[in-house]
Structure formats: structure tokens, C-alpha cells
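The structure file start.cif is reproduced below (mmCIF, C-alpha atoms; chains and numbers go by the auth columns).
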data_query
loop_
_atom_site.group_PDB
_atom_site.id
_atom_site.type_symbol
_atom_site.label_atom_id
_atom_site.label_comp_id
_atom_site.label_asym_id
_atom_site.label_seq_id
_atom_site.Cartn_x
_atom_site.Cartn_y
_atom_site.Cartn_z
_atom_site.B_iso_or_equiv
_atom_site.auth_seq_id
_atom_site.auth_asym_id
ATOM 1 C CA MET A 1 -59.864 65.252 -156.993 0.00 255 Y
ATOM 2 C CA LYS A 2 -58.612 68.609 -155.725 0.00 256 Y
ATOM 3 C CA PRO A 3 -59.508 71.656 -157.794 0.00 257 Y
ATOM 4 C CA ILE A 4 -56.806 73.870 -159.203 0.00 258 Y
ATOM 5 C CA ILE A 5 -57.204 77.221 -157.472 0.00 259 Y
ATOM 6 C CA ARG A 6 -56.029 80.368 -159.233 0.00 260 Y
ATOM 7 C CA ILE A 7 -56.398 84.040 -158.408 0.00 261 Y
ATOM 8 C CA LYS A 8 -57.106 86.921 -160.758 0.00 262 Y
ATOM 9 C CA ARG A 9 -57.877 90.624 -160.533 0.00 263 Y
ATOM 10 C CA ALA A 10 -61.451 91.598 -161.329 0.00 264 Y
ATOM 11 C CA TYR A 11 -60.082 94.203 -163.736 0.00 265 Y
ATOM 12 C CA GLU A 12 -58.436 91.578 -165.944 0.00 266 Y
ATOM 13 C CA PRO A 13 -60.679 90.208 -168.692 0.00 267 Y
ATOM 14 C CA ALA A 14 -62.481 86.953 -167.973 0.00 268 Y
ATOM 15 C CA GLU A 15 -61.235 84.042 -170.054 0.00 269 Y
ATOM 16 C CA ASN A 16 -62.585 80.583 -170.833 0.00 270 Y
ATOM 17 C CA THR A 17 -59.534 79.152 -169.062 0.00 271 Y
ATOM 18 C CA ASP A 18 -60.611 80.755 -165.749 0.00 272 Y
ATOM 19 C CA GLY A 19 -63.046 77.969 -164.949 0.00 273 Y
ATOM 20 C CA TYR A 20 -65.520 78.762 -162.164 0.00 274 Y
ATOM 21 C CA ARG A 21 -65.051 82.408 -161.120 0.00 275 Y
ATOM 22 C CA VAL A 22 -65.741 83.418 -157.505 0.00 276 Y
ATOM 23 C CA LEU A 23 -65.498 86.998 -156.251 0.00 277 Y
ATOM 24 C CA VAL A 24 -63.921 86.812 -152.778 0.00 278 Y
ATOM 25 C CA ASP A 25 -64.184 90.460 -151.692 0.00 279 Y
ATOM 26 C CA LYS A 26 -66.830 91.859 -149.379 0.00 280 Y
ATOM 27 C CA LEU A 27 -67.277 94.889 -151.645 0.00 281 Y
ATOM 28 C CA TRP A 28 -67.996 94.776 -155.372 0.00 282 Y
ATOM 29 C CA PRO A 29 -64.988 96.151 -157.331 0.00 283 Y
ATOM 30 C CA ARG A 30 -65.463 99.750 -158.448 0.00 284 Y
ATOM 31 C CA GLY A 31 -66.221 100.305 -162.106 0.00 285 Y
ATOM 32 C CA ILE A 32 -66.904 96.642 -162.862 0.00 286 Y
ATOM 33 C CA ASP A 33 -70.250 95.972 -164.533 0.00 287 Y
ATOM 34 C CA LYS A 34 -71.988 92.981 -162.952 0.00 288 Y
ATOM 35 C CA LYS A 35 -73.306 91.791 -166.309 0.00 289 Y
ATOM 36 C CA HIS A 36 -69.844 91.595 -167.870 0.00 290 Y
ATOM 37 C CA ALA A 37 -67.808 90.461 -164.857 0.00 291 Y
ATOM 38 C CA ALA A 38 -68.385 86.758 -165.586 0.00 292 Y
ATOM 39 C CA ILE A 39 -68.656 86.039 -161.851 0.00 293 Y
ATOM 40 C CA GLU A 40 -70.471 82.784 -161.111 0.00 294 Y
ATOM 41 C CA GLU A 41 -70.548 83.362 -157.367 0.00 295 Y
ATOM 42 C CA TRP A 42 -69.901 86.156 -154.890 0.00 296 Y
ATOM 43 C CA ALA A 43 -68.516 84.570 -151.714 0.00 297 Y
ATOM 44 C CA LYS A 44 -68.678 87.550 -149.349 0.00 298 Y
ATOM 45 C CA SER A 45 -68.639 85.148 -146.400 0.00 299 Y
ATOM 46 C CA LEU A 46 -65.025 84.177 -147.199 0.00 300 Y
ATOM 47 C CA ALA A 47 -63.758 87.765 -147.220 0.00 301 Y
ATOM 48 C CA PRO A 48 -61.893 89.262 -144.268 0.00 302 Y
ATOM 49 C CA SER A 49 -63.989 90.967 -141.611 0.00 303 Y
ATOM 50 C CA ASP A 50 -64.611 94.677 -142.077 0.00 304 Y
ATOM 51 C CA ALA A 51 -62.407 95.460 -139.083 0.00 305 Y
ATOM 52 C CA LEU A 52 -59.490 93.419 -140.443 0.00 306 Y
ATOM 53 C CA ARG A 53 -59.891 94.791 -143.974 0.00 307 Y
ATOM 54 C CA LYS A 54 -59.879 98.380 -142.698 0.00 308 Y
ATOM 55 C CA TRP A 55 -56.950 97.755 -140.349 0.00 309 Y
ATOM 56 C CA PHE A 56 -54.842 96.260 -143.156 0.00 310 Y
ATOM 57 C CA GLY A 57 -55.725 98.916 -145.734 0.00 311 Y
ATOM 58 C CA HIS A 58 -53.473 97.081 -148.248 0.00 312 Y
ATOM 59 C CA ASP A 59 -50.380 98.306 -146.415 0.00 313 Y
ATOM 60 C CA PRO A 60 -47.544 95.866 -147.236 0.00 314 Y
ATOM 61 C CA ALA A 61 -45.945 96.694 -143.876 0.00 315 Y
ATOM 62 C CA LEU A 62 -48.953 95.031 -142.187 0.00 316 Y
ATOM 63 C CA TRP A 63 -48.962 91.989 -144.499 0.00 317 Y
ATOM 64 C CA GLU A 64 -47.624 89.430 -141.998 0.00 318 Y
ATOM 65 C CA GLY A 65 -50.138 90.431 -139.349 0.00 319 Y
ATOM 66 C CA PHE A 66 -52.957 90.489 -141.892 0.00 320 Y
ATOM 67 C CA GLN A 67 -52.158 86.955 -143.041 0.00 321 Y
ATOM 68 C CA GLN A 68 -52.114 85.622 -139.485 0.00 322 Y
ATOM 69 C CA GLN A 69 -55.356 87.354 -138.497 0.00 323 Y
ATOM 70 C CA TYR A 70 -57.175 86.427 -141.719 0.00 324 Y
ATOM 71 C CA ARG A 71 -56.130 82.769 -141.412 0.00 325 Y
ATOM 72 C CA ALA A 72 -57.419 82.797 -137.829 0.00 326 Y
ATOM 73 C CA GLU A 73 -60.742 84.202 -139.068 0.00 327 Y
ATOM 74 C CA LEU A 74 -60.928 81.535 -141.777 0.00 328 Y
ATOM 75 C CA GLU A 75 -60.251 78.757 -139.254 0.00 329 Y
ATOM 76 C CA GLN A 76 -63.269 79.924 -137.239 0.00 330 Y
ATOM 77 C CA ASN A 77 -65.510 80.569 -140.273 0.00 331 Y
ATOM 78 C CA PRO A 78 -68.134 77.839 -140.889 0.00 332 Y
ATOM 79 C CA ALA A 79 -68.598 79.169 -144.442 0.00 333 Y
ATOM 80 C CA VAL A 80 -65.200 77.702 -145.378 0.00 334 Y
ATOM 81 C CA ALA A 81 -66.293 74.086 -144.855 0.00 335 Y
ATOM 82 C CA GLU A 82 -69.543 74.781 -146.694 0.00 336 Y
ATOM 83 C CA PHE A 83 -67.647 76.354 -149.604 0.00 337 Y
ATOM 84 C CA VAL A 84 -65.234 73.417 -149.826 0.00 338 Y
ATOM 85 C CA HIS A 85 -68.111 70.920 -149.725 0.00 339 Y
ATOM 86 C CA HIS A 86 -70.047 72.674 -152.497 0.00 340 Y
ATOM 87 C CA HIS A 87 -67.022 73.190 -154.762 0.00 341 Y
ATOM 88 C CA LYS A 88 -65.100 69.926 -154.382 0.00 342 Y
ATOM 89 C CA SER A 89 -66.191 68.670 -157.820 0.00 343 Y
ATOM 90 C CA ILE A 90 -65.006 71.795 -159.661 0.00 344 Y
ATOM 91 C CA LYS A 91 -61.786 71.238 -161.605 0.00 345 Y
ATOM 92 C CA LEU A 92 -60.658 74.859 -161.910 0.00 346 Y
ATOM 93 C CA LEU A 93 -61.592 77.595 -159.470 0.00 347 Y
ATOM 94 C CA THR A 94 -60.525 81.211 -159.955 0.00 348 Y
ATOM 95 C CA LEU A 95 -60.720 83.503 -156.932 0.00 349 Y
ATOM 96 C CA VAL A 96 -61.401 87.007 -158.208 0.00 350 Y
ATOM 97 C CA TYR A 97 -60.375 90.080 -156.213 0.00 351 Y
ATOM 98 C CA GLY A 98 -60.365 93.841 -156.719 0.00 352 Y
ATOM 99 C CA ALA A 99 -57.149 94.971 -154.995 0.00 353 Y
ATOM 100 C CA LYS A 100 -54.428 96.704 -157.033 0.00 354 Y
ATOM 101 C CA ASP A 101 -51.629 94.915 -155.173 0.00 355 Y
ATOM 102 C CA THR A 102 -51.295 91.452 -156.686 0.00 356 Y
ATOM 103 C CA LEU A 103 -49.008 90.175 -153.918 0.00 357 Y
ATOM 104 C CA HIS A 104 -50.658 91.514 -150.755 0.00 358 Y
ATOM 105 C CA ASN A 105 -54.403 90.823 -150.842 0.00 359 Y
ATOM 106 C CA ASN A 106 -56.967 88.510 -149.300 0.00 360 Y
ATOM 107 C CA ALA A 107 -57.174 86.242 -152.372 0.00 361 Y
ATOM 108 C CA VAL A 108 -53.501 85.280 -151.962 0.00 362 Y
ATOM 109 C CA VAL A 109 -54.153 84.163 -148.382 0.00 363 Y
ATOM 110 C CA LEU A 110 -57.462 82.487 -149.239 0.00 364 Y
ATOM 111 C CA GLN A 111 -55.916 80.559 -152.132 0.00 365 Y
ATOM 112 C CA SER A 112 -53.221 78.992 -149.946 0.00 366 Y
ATOM 113 C CA PHE A 113 -55.711 78.368 -147.135 0.00 367 Y
ATOM 114 C CA LEU A 114 -58.247 76.631 -149.393 0.00 368 Y
ATOM 115 C CA GLU A 115 -55.562 74.479 -150.995 0.00 369 Y
ATOM 116 C CA THR A 116 -55.118 72.802 -147.601 0.00 370 Y
ATOM 117 C CA LYS A 117 -58.857 72.240 -147.186 0.00 371 Y
ATOM 118 C CA PHE A 118 -59.779 70.446 -150.418 0.00 372 Y
#

Translate the structure described by the file into C-alpha cells.
Amino acid sequence: MKPIIRIKRAYEPAENTDGYRVLVDKLWPRGIDKKHAAIEEWAKSLAPSDALRKWFGHDPALWEGFQQQYRAELEQNPAVAEFVHHHKSIKLLTLVYGAKDTLHNNAVVLQSFLETKF
């Protein structure tokens, strides 16, 4: 059974309906207390490379290129298969991210990518 994969900002309150919460950023979100973040796992290995993250800089004008480059990174990343294997029995997975832009961020790309892998 495929898990339902949702995305949510780290700055939104955690809810019981979030299921298993995974932070998918390389950096911990500023101002978020680790004790109260309700993060079950920090999957830094699924985040974009530092070079790609810095190049993109959350500039919507670079969104198309970011998506293509990040998907290419994910295709080559052995951590993806490991993540899918270890999480295939989870019913609800929430990918947590820190970006302000809810439409142009790595979690959006990762969500659609993972949905094809489970």
C-alpha cells in the first residue's frame, strides 16, 4: 500500500493528522525548537545539494531549472531507494520544510518524485 505523502511548513503547528513527520531540508529551520517540532526523522540526505540550494535561492524565476536539476540529483541518490524501503509501511508521511514559499520549494519536488517511487 502506497503512503499518502503530504507537505507542510515547519512553522505550522504539528497535528495528529500529520502522521510520520520527516524534515527534508539540509538545514534546521530557524527559530524552531527541536523538542517541540514533532519531527520523527531528519532526512538531510534527500535535500538538494548545497550548490543547487544556493543557486536556486528560492527564486521563482529559477523554479523550472531547479526542479529539473533536483530531480536529476534524486535519480542518482541512493538514499531515495533506502528511504522508500524503510517507509513503505507508513500510511501517512508528511514532508516538513522551512521555506516561506509554499509553491516553490524542495518538498514540492520531493513529494511528486517520491509518489512515483512507492

Check your understanding: In Å, with one decimal, what is the gap from atom CA of Gly352 of chain Y to atom CA of Ile286 of chain Y?
Key ->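 That distance, rounded to one decimal, is 9.4 Å.
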
**Study point:** Given all atoms listed in the file as the counted atoms, nearest of Y:Thr348, Y:Gln323, Y:Thr370, Y:Ser343 to Ile261 of chain Y
**Key:**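 Ranking Y:Thr348, Y:Gln323, Y:Thr370, Y:Ser343 by distance to Ile261 of chain Y, first place goes to Y:Thr348.
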
Practice item. Check what the PyMOL selection byres ((chain Y and resi 292) around 10) selects in the file above and give those residues as a PyMOL selection string. Key: chain Y and resi 264+267-270+272+274-277+287-291+293-295

Check your understanding: Please, which residues are within 12 Å of (-54.5, 87.6, -152.7) by the file's coordinates, counting all atoms listed in the file, and could they come as JSON, numbers by chain?
Key -> {"Y": [259, 260, 261, 262, 263, 264, 277, 278, 279, 301, 302, 312, 317, 320, 321, 324, 348, 349, 350, 351, 352, 353, 354, 355, 356, 357, 358, 359, 360, 361, 362, 363, 364, 365, 366, 367]}

Exercise for review: List the residues selected by the PyMOL selection byres ((chain Y and resi 372) around 9) in the file shown, writing them as a ChimeraX atom specification.
Suggested key: /Y:255-257,338-339,341-342,368-371

Check your understanding: Of the candidates Y:Leu346, Y:Leu306, Y:Glu336, Y:Lys298, which shows the shortest atom-to-atom distance to Gly273 of chain Y, using all atoms listed in the file?
Key ->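 Of Y:Leu346, Y:Leu306, Y:Glu336, Y:Lys298, the one nearest Gly273 of chain Y, counting all atoms listed in the file, is Y:Leu346.
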
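For the pair atom CA of Lys345 of chain Y and atom CA of Leu300 of chain Y, the separation is 19.6 Å.
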
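Restricting the calculation to only C-alpha atoms, the smallest distance between Arg307 of chain Y and any of Y:Gly285, Y:Glu329, Y:Val334, Y:Gly319 is found for Y:Gly319.
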
**Study point:** Point-to-point distance from atom CA of Ile258 of chain Y to atom CA of His340 of chain Y, Å rounded to tenths
**Key:**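 Between atom CA of Ile258 of chain Y and atom CA of His340 of chain Y the gap works out to 14.9 Å.
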
Point to revise | Option closest in space to Ser299 of chain Y, from Y:Glu266, Y:Gly311, Y:Ala333, Y:Gln322 [counting all atoms listed in the file] | key: Y:Ala333
